[in-house]
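Visitor: Can you keep this structure in mind? I'll have questions shortly.
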Amino acid sequence: MAENEDLYAAQSSEPDTVTEITPKSEDFSRWYIDIVRRAELGDYTPVRGCMVIRPYGYALWENSRDRLDARLKATGHQNAYFPMFIPESLLKKEAEHVEGFAPEVAWVTHGGDEPLEERLAVRPTSEAIICSLYSKWVKSWRDLPLLINQWANIVRWEKVTKFFLRTLEFLWQEGHTVHATEQEAEEETLRILEIYRDFMESDLAIPVITGLKSESEKFAGALRTYTLEAMMGDGRALQAGTSHNLGQNFAKAFNIRFEDQDQQLKYAWTTSWGVTTRLMGALIMAHGDDKGLMLPPKVAPYQVVIVPIPGKHFTESVLPAARSLQDMLTAEGFRVHLDAREEYTPGWKYNEWELRGVPVRAEIGPRDVGKGQAVLVRRDNREKAFVPLDQIPDEVRALLDSLQQSMYDRAKQFMGDQTRQVSDYETFGEIMSGPRGFIEAGWCGDSDCENTIQEETRATIRCLPSGREAPAGSCVRCDNPAKHLAIFAKAY
RNA sequence: CGGGGCGUAGCGCAGCCCGGUAGCGCACCUGCUUCGGGAGUAGGGGGUCGCUGGUUCAAAUCCAGUCGCCCCGACCA
């Protein structure tokens, strides 16, 4: 092995700098934008606030989407597609709902040159259009539960935008379900929350805190909103998904009624829930480093990139060996890319694919061909391993598993390190103006107190975490007793 | 939407103050030599200076407006 290390130009002792990317520590926001563009995840467009998701970024979204979609189908949900236009009168049926979304609705007022009799909202979310149809489809208790999901685009006229995190148009899934009882609706809301949590942690390797939103943060028109909060590399919180128990609010507004087994006509209970392309931003900000992206193996567009090393007998021996390695790994079910471009040097390719976050790199050169082996290098710590060809699939599998786990562990450790228990308001303020992160503190439950904290510290209540008791003593800001344990943070 | 900053080649920037032939680095194209951690060399291509209007013999440069992007807020997935 020592011989190998000498022969194969050891791991670089150079600092991990990529000239095209601003260091994370220097300017986190710039670092983020640099990665999105340089890794070709997305780009600006001629349309304000609207991004293009480029093929590499879209592949990442597709892989994520497919894995979540499988979980939703496995729990009895079916996909459908509803119109993107919502007549104004329909949107106005649920008062809180329209009030919450009105400021950011895009309106269609003309068809060609003809003014419309009633203007159409471009959906900012689909409760209104979907519930209007559910009122036709739900007649009997036998029709319930109704479990439908749609993958769609959404438009919200945001004032300030940021790649993936907040764009005028974005992609998401939105589930809309109807149930016979309050309990069944609550069970569904929590079932989805758990599906999201498992998806975030198992697939995206991003640990989350789940819990209830405060009244002021809950979805417009909901009874209650559950959320998943993740921590980004700069100590700010990102709402990664929400699951709403809508109670009977929408059923009453849209007249979704069914005749129950006791022959009584009853209003149904509904839920809605969604996650968006924002999660691609979360992947960048939770895992990336100064070398660029670091993608969890389960959703990475390429799990393995093969870099053949040119030499004297490149086309006769090394390239065929690289192709054969590609075929072998593809046959084993891995997502593999062979970078056989001759205009770039191996060193350039190493940096390039690290920037793009590929979990495992396989190098194969003249010396490897002679020895019947390849060099495997993992993205996170760049450890090299010299592996005989017949053991490569097993070794790749092990590396991907290990990487998936260690990425989660690292993010979990970071979130833990950046979470602080605070009981006095002065310390609260110092943390929020300094290192940020999550603060666990007692809260009296009063929204005025919540608003004051936000005005004074910029921190909001991200959630009231599930299964956690209120701490003894008073609210972190006022003298009233703490009713809840709350997670505070500055949020995206 | 309020405060601040920035728009010049694909990216990063200089030139602007003091108006007069649009430049640099990287990237890109071609040849040759290279290739195990961002190769060397010799050639080469690419920009009506965000947009609109004004001042002027003459505008990247001065003036006005407008659009976009970034940061800090308000709002939000």
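Residues are referred to by chain and number: the chain letter is A, B, ... according to the order shown in the structure tokens, the number counts from 1 in that chain, and ligands are numbered separately from 1 in the order shown.
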Please identify the helix (DSSP H, G or I) residues within segment 22-115 of chain A (assignment by DSSP from backbone atoms) and present them as a ChimeraX atom specification.
Guide: /A:28-38,55-74,88-91,95-104
Visitor: Okay, now the selection with N, CA and C atoms, as a short mmCIF file (atom, residue, chain, number, x, y, z; two decimals), in the first residue's frame?
Guide:
```
data_model
loop_
_atom_site.label_atom_id
_atom_site.label_comp_id
_atom_site.auth_asym_id
_atom_site.auth_seq_id
_atom_site.Cartn_x
_atom_site.Cartn_y
_atom_site.Cartn_z
N PHE A 28 -21.23 33.24 3.21
CA PHE A 28 -22.06 32.04 3.05
C PHE A 28 -23.04 32.18 1.88
N SER A 29 -23.62 33.36 1.76
CA SER A 29 -24.62 33.58 0.72
C SER A 29 -24.00 33.50 -0.67
N ARG A 30 -22.84 34.11 -0.79
CA ARG A 30 -22.12 34.07 -2.07
C ARG A 30 -21.68 32.65 -2.40
N TRP A 31 -21.20 31.96 -1.39
CA TRP A 31 -20.80 30.55 -1.53
C TRP A 31 -21.96 29.74 -2.11
N TYR A 32 -23.14 29.96 -1.56
CA TYR A 32 -24.33 29.23 -1.99
C TYR A 32 -24.63 29.50 -3.47
N ILE A 33 -24.64 30.77 -3.84
CA ILE A 33 -24.93 31.14 -5.23
C ILE A 33 -23.86 30.58 -6.17
N ASP A 34 -22.60 30.67 -5.75
CA ASP A 34 -21.51 30.15 -6.57
C ASP A 34 -21.71 28.66 -6.85
N ILE A 35 -22.10 27.91 -5.84
CA ILE A 35 -22.29 26.47 -6.01
C ILE A 35 -23.45 26.18 -6.97
N VAL A 36 -24.56 26.88 -6.78
CA VAL A 36 -25.71 26.65 -7.65
C VAL A 36 -25.31 26.83 -9.11
N ARG A 37 -24.55 27.88 -9.38
CA ARG A 37 -24.23 28.18 -10.77
C ARG A 37 -23.07 27.34 -11.28
N ARG A 38 -22.02 27.22 -10.50
CA ARG A 38 -20.84 26.51 -10.98
C ARG A 38 -21.09 25.01 -11.09
N PRO A 55 -30.13 20.49 -15.98
CA PRO A 55 -30.24 19.02 -15.92
C PRO A 55 -29.63 18.38 -14.67
N TYR A 56 -28.49 18.85 -14.24
CA TYR A 56 -27.87 18.23 -13.05
C TYR A 56 -28.71 18.48 -11.80
N GLY A 57 -29.22 19.69 -11.69
CA GLY A 57 -30.10 20.01 -10.57
C GLY A 57 -31.42 19.29 -10.67
N TYR A 58 -31.91 19.15 -11.89
CA TYR A 58 -33.20 18.50 -12.06
C TYR A 58 -33.10 17.00 -11.77
N ALA A 59 -31.96 16.41 -12.13
CA ALA A 59 -31.75 14.99 -11.81
C ALA A 59 -31.77 14.79 -10.29
N LEU A 60 -31.20 15.72 -9.58
CA LEU A 60 -31.20 15.65 -8.12
C LEU A 60 -32.64 15.73 -7.59
N TRP A 61 -33.42 16.64 -8.18
CA TRP A 61 -34.83 16.78 -7.81
C TRP A 61 -35.60 15.51 -8.16
N GLU A 62 -35.36 14.97 -9.35
CA GLU A 62 -36.08 13.76 -9.77
C GLU A 62 -35.81 12.60 -8.81
N ASN A 63 -34.55 12.43 -8.45
CA ASN A 63 -34.22 11.33 -7.54
C ASN A 63 -34.88 11.52 -6.18
N SER A 64 -34.88 12.75 -5.71
CA SER A 64 -35.52 13.04 -4.43
C SER A 64 -37.02 12.82 -4.54
N ARG A 65 -37.59 13.36 -5.60
CA ARG A 65 -39.03 13.25 -5.83
C ARG A 65 -39.46 11.79 -5.89
N ASP A 66 -38.72 10.99 -6.65
CA ASP A 66 -39.11 9.59 -6.81
C ASP A 66 -39.12 8.84 -5.49
N ARG A 67 -38.16 9.15 -4.64
CA ARG A 67 -38.08 8.43 -3.36
C ARG A 67 -39.22 8.85 -2.43
N LEU A 68 -39.58 10.14 -2.47
CA LEU A 68 -40.71 10.57 -1.65
C LEU A 68 -42.02 10.03 -2.23
N ASP A 69 -42.12 10.08 -3.54
CA ASP A 69 -43.32 9.59 -4.21
C ASP A 69 -43.59 8.13 -3.85
N ALA A 70 -42.53 7.33 -3.82
CA ALA A 70 -42.69 5.91 -3.48
C ALA A 70 -43.25 5.75 -2.06
N ARG A 71 -42.78 6.59 -1.14
CA ARG A 71 -43.29 6.51 0.23
C ARG A 71 -44.77 6.89 0.30
N LEU A 72 -45.15 7.91 -0.49
CA LEU A 72 -46.55 8.35 -0.46
C LEU A 72 -47.46 7.27 -1.06
N LYS A 73 -47.00 6.65 -2.14
CA LYS A 73 -47.81 5.60 -2.75
C LYS A 73 -47.91 4.38 -1.83
N ALA A 74 -46.83 4.10 -1.15
CA ALA A 74 -46.82 2.94 -0.25
C ALA A 74 -47.80 3.13 0.91
N GLU A 88 -61.28 33.49 -8.98
CA GLU A 88 -61.16 34.33 -7.79
C GLU A 88 -62.22 34.00 -6.74
N SER A 89 -63.42 33.75 -7.20
CA SER A 89 -64.51 33.48 -6.25
C SER A 89 -64.22 32.23 -5.42
N LEU A 90 -63.56 31.26 -6.04
CA LEU A 90 -63.24 30.01 -5.34
C LEU A 90 -62.18 30.26 -4.27
N LEU A 91 -61.19 31.04 -4.66
CA LEU A 91 -60.08 31.31 -3.74
C LEU A 91 -60.57 32.05 -2.50
N ALA A 95 -61.94 32.39 4.28
CA ALA A 95 -61.54 33.77 4.56
C ALA A 95 -60.07 33.90 4.97
N GLU A 96 -59.65 33.12 5.95
CA GLU A 96 -58.26 33.22 6.41
C GLU A 96 -57.29 32.83 5.30
N HIS A 97 -57.71 31.86 4.52
CA HIS A 97 -56.86 31.35 3.45
C HIS A 97 -56.55 32.45 2.44
N VAL A 98 -57.58 33.11 1.96
CA VAL A 98 -57.36 34.14 0.95
C VAL A 98 -56.61 35.33 1.54
N GLU A 99 -56.89 35.62 2.78
CA GLU A 99 -56.19 36.73 3.43
C GLU A 99 -54.69 36.44 3.53
N GLY A 100 -54.37 35.19 3.82
CA GLY A 100 -52.98 34.81 3.95
C GLY A 100 -52.22 34.84 2.63
N PHE A 101 -52.91 34.48 1.54
CA PHE A 101 -52.20 34.34 0.27
C PHE A 101 -52.38 35.52 -0.68
N ALA A 102 -53.39 36.35 -0.43
CA ALA A 102 -53.70 37.45 -1.35
C ALA A 102 -52.49 38.28 -1.78
N PRO A 103 -51.60 38.65 -0.85
CA PRO A 103 -50.51 39.55 -1.26
C PRO A 103 -49.55 38.94 -2.26
N GLU A 104 -49.58 37.62 -2.43
CA GLU A 104 -48.58 37.04 -3.31
C GLU A 104 -49.18 36.23 -4.46
#
```
Visitor: I'd like the neighbourhood of G44 of chain B as a list in words, where a residue qualifies if any of its atoms comes within 12 Å (using only C-alpha atoms (C1' of nucleotides)), though same-chain residues fewer than 5 positions away should be ignored.
Guide: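 Counting only the stated atoms, we get C28, C29, U30 and G31 of chain B.
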Visitor: Kindly save the residues from that selection, with C-alpha atoms (C1' of nucleotides) included, as a PDB file, in the first residue's frame.
Guide:
```
ATOM      1  C1'   C B  28     -13.742  29.063 -25.009  1.00  0.00           C
ATOM      2  C1'   C B  29     -11.549  27.468 -30.361  1.00  0.00           C
ATOM      3  C1'   U B  30      -7.041  25.290 -33.349  1.00  0.00           C
ATOM      4  C1'   G B  31      -2.059  22.831 -33.451  1.00  0.00           C
TER       5        G B  31
END
```
Visitor: Can you build me a table of chain A residues sitting at most 8 Å from chain B, with the closest atom pair per residue and its distance in Å to one decimal, using only C-alpha atoms (C1' of nucleotides), sorted by chain and residue number, as a tab-separated table?
Guide:
```
residue	atom	partner	partner_atom	distance
A:Leu7	CA	B:G36	C1'	7.5
A:Tyr8	CA	B:G36	C1'	4.6
A:Ala9	CA	B:G36	C1'	5.4
A:Gln11	CA	B:G37	C1'	7.1
A:Ser12	CA	B:G37	C1'	5.8
A:Arg48	CA	B:G68	C1'	7.1
A:Glu158	CA	B:C76	C1'	7.1
A:Lys159	CA	B:C1	C1'	7.6
A:Leu165	CA	B:A77	C1'	7.6
A:Arg166	CA	B:A77	C1'	7.3
A:Gln239	CA	B:A77	C1'	7.0
A:Ala240	CA	B:A77	C1'	7.6
A:Gly241	CA	B:A77	C1'	7.3
A:Val275	CA	B:A77	C1'	7.5
A:Thr276	CA	B:A77	C1'	6.8
A:Arg278	CA	B:A77	C1'	7.1
A:Ile309	CA	B:G36	C1'	6.9
A:Pro310	CA	B:C35	C1'	5.8
A:Gly311	CA	B:C35	C1'	7.2
A:Thr345	CA	B:C35	C1'	5.2
A:Pro346	CA	B:C35	C1'	6.6
A:Gly347	CA	B:G37	C1'	4.5
A:Trp348	CA	B:G38	C1'	4.1
A:Lys349	CA	B:G38	C1'	7.7
A:Tyr350	CA	B:G37	C1'	6.8
A:Asn351	CA	B:G38	C1'	6.4
A:Gly365	CA	B:G36	C1'	7.4
```
Visitor: Atom CA of Val47 of chain A and atom C1' of A60 of chain B, how far apart in Å?
Guide: 25.3 Å
Visitor: So which one's closest to Ile192 of chain A, A:Gly211, A:Gly274, A:Pro83, A:Pro124? Using only C-alpha atoms, please.
Guide: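 With only C-alpha atoms as the atom set, the closest residue is A:Gly274.
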